[in-house]
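**Q** Take a look at the following structure, please.
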Amino acid sequence: MILYLIPLFLLLCNEYHGQAEFTDHFNDFLRKKYGLKIQQNLERLDMGLNFWGSFGGKLDENDLVKRRPVIFVHGALSRAAVFLKHRNYFISRGYSWSEIYATTYGDGLNSAIFNGVHCKYVKQIRQMLLAVNNYTGKAVNIIAHSMGSAVSRKAILGSICFDTEKYLQVNTFITVGGTNHGLQICPSIIPLCGNISSVHCNSTLMKELNTQSHRFEGRSSYDIYSLSDSIIGLNCCNKNCGVLPNHNESFEVSDLDHLALLSETITLQLSLLKQTDERNNGNSITRMDDVYAEDDTVLDNDDSNDT
């Protein structure tokens, strides 16, 4: 049986092959401002497999950050490498290394199942947001997948996890297949679905995040969910599991599973970032057809409007 799994393992290694650690310039900044321990905790070289644990940073002092930086936040059973397709796509659309970032919380395997939305995960993502804020001098955009949505939202909202209530500068928050109201199938016998800090729809965490009277995740927020997402589901305590409260817009997809939703809606994700970063262009994306029109326009203009 193990022999049959070897080709699959090699295929996965090939798919996510790539240099994905922080640049020397970003590492130097992290060490000087926050210390070696935090730098190592964010870079996550321990994830192995050719640096699957993180990416991002300037090449040198002359590497200008022209666009608003994007931070990608993975879900449970995952790590930063799940966004390497995003990294390549964003670079092909004009982004540079200094404008795209990711770290890995947990062990990249199953730690979230046994820890739930642990405070240390929330602290790490909050630290990453603060670091990129300070490093680039710009408000950030966030794209969060699956449980990464709950982790990111808690990191932005703040709590007793933190020594400070410092405001995080987030411009646009996008959740893809996010556990915004939890998981439809979530047995309480595992910590991931416990009563306190978990993705159970009735957990203390979900109630805290979803009873806020205003949009706290960013100046703008969007959710993308699928009717075919059997991981998240559709009914969480009589709410749509993937819909983000107080959003600007919600996008429903009919035929993509949980992982395909992340990779196959990259064009939509980038278009939403462009829309909110360039309000003065008068464009508005409110349906899937608009996305393809926007993407064609970008191809024709070669990203000339991105500043």
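Every chain in the structure tokens takes a letter, A first, then B, and so on in the order presented; its residues are numbered from 1, and the ligands are numbered from 1 following the presented order.
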Could you list, as a PyMOL selection string, every residue within 8 Å of A:Leu42, counting only C-alpha atoms and ignoring same-chain residues fewer than 2 positions away?
**A** chain A and resi 38-40+44+54+103-104+124+128
**Q** Neighbouring residues of stretch 199-205 of chain A were defined as those with any atom within 12 Å, considering only C-alpha atoms; residues of the same chain fewer than 5 positions away were excluded. Please report them as JSON, numbers by chain.
**A** {"A": [75, 76, 112, 113, 115, 116, 117, 118, 119, 122, 146, 147, 148, 149, 150, 151, 153, 154, 155, 157, 158, 159, 178, 179, 180, 181, 182, 183, 184, 185, 186, 187, 188, 189, 190, 191, 192, 193, 194, 210, 211, 212, 232, 233, 234, 235, 236, 237, 238, 239, 240, 241, 242]}
**Q** In terms of the shortest atom-to-atom distance over only C-alpha atoms, which of A:Thr136, A:Ser220, A:Ser92, A:Thr175 is closest to A:Phe26?
**A**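 The closest residue to A:Phe26 is A:Thr136.
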**Q** Could you find all residues in stretch 49-292 of chain A that DSSP calls strand (DSSP E or B) from the backbone, and write them as a VMD selection string?
**A** chain A and resid 55 to 56 70 to 73 100 to 102 140 to 145 170 to 176 220 to 226 235 to 236 239 to 240 249 to 253
**Q** Among stretch 120-232 of chain A, which ones does DSSP assign to helix (DSSP H, G or I) (computed from the backbone)? Answer as a ChimeraX atom specification.
**A** /A:120-136,147-157,191-193,204-210
**Q** So which one's closest to A:Asn171, A:Thr276, A:Thr267, A:Ser213, A:Ser152? Using only C-alpha atoms, please.
**A** A:Thr276
**Q** Which one of A:Val82, A:Arg215, A:Tyr105, A:Lys138 sits closest to A:Lys120 if you count only C-alpha atoms?
**A**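 So, comparing all the options, the nearest one is A:Tyr105.
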**Q** With only C-alpha atoms as the basis for distance, which of A:Lys33, A:Lys207, A:His86, A:Arg68 is at the shortest distance from A:Leu268?
**A**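 Using only C-alpha atoms, the shortest distance to A:Leu268 belongs to A:His86.
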**Q** For a quick check of understanding, using only C-alpha atoms, which of A:Phe173, A:Phe29, A:Tyr95, A:Phe251 has the smallest distance to A:Ser221?
**A** A:Phe173
**Q** Could you state the separation of atom CA of A:Asn41 and atom CA of A:Gln269 in Å, given to one decimal place?
**A**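 Atom CA of A:Gln269 lies 27.6 Å from atom CA of A:Asn41.
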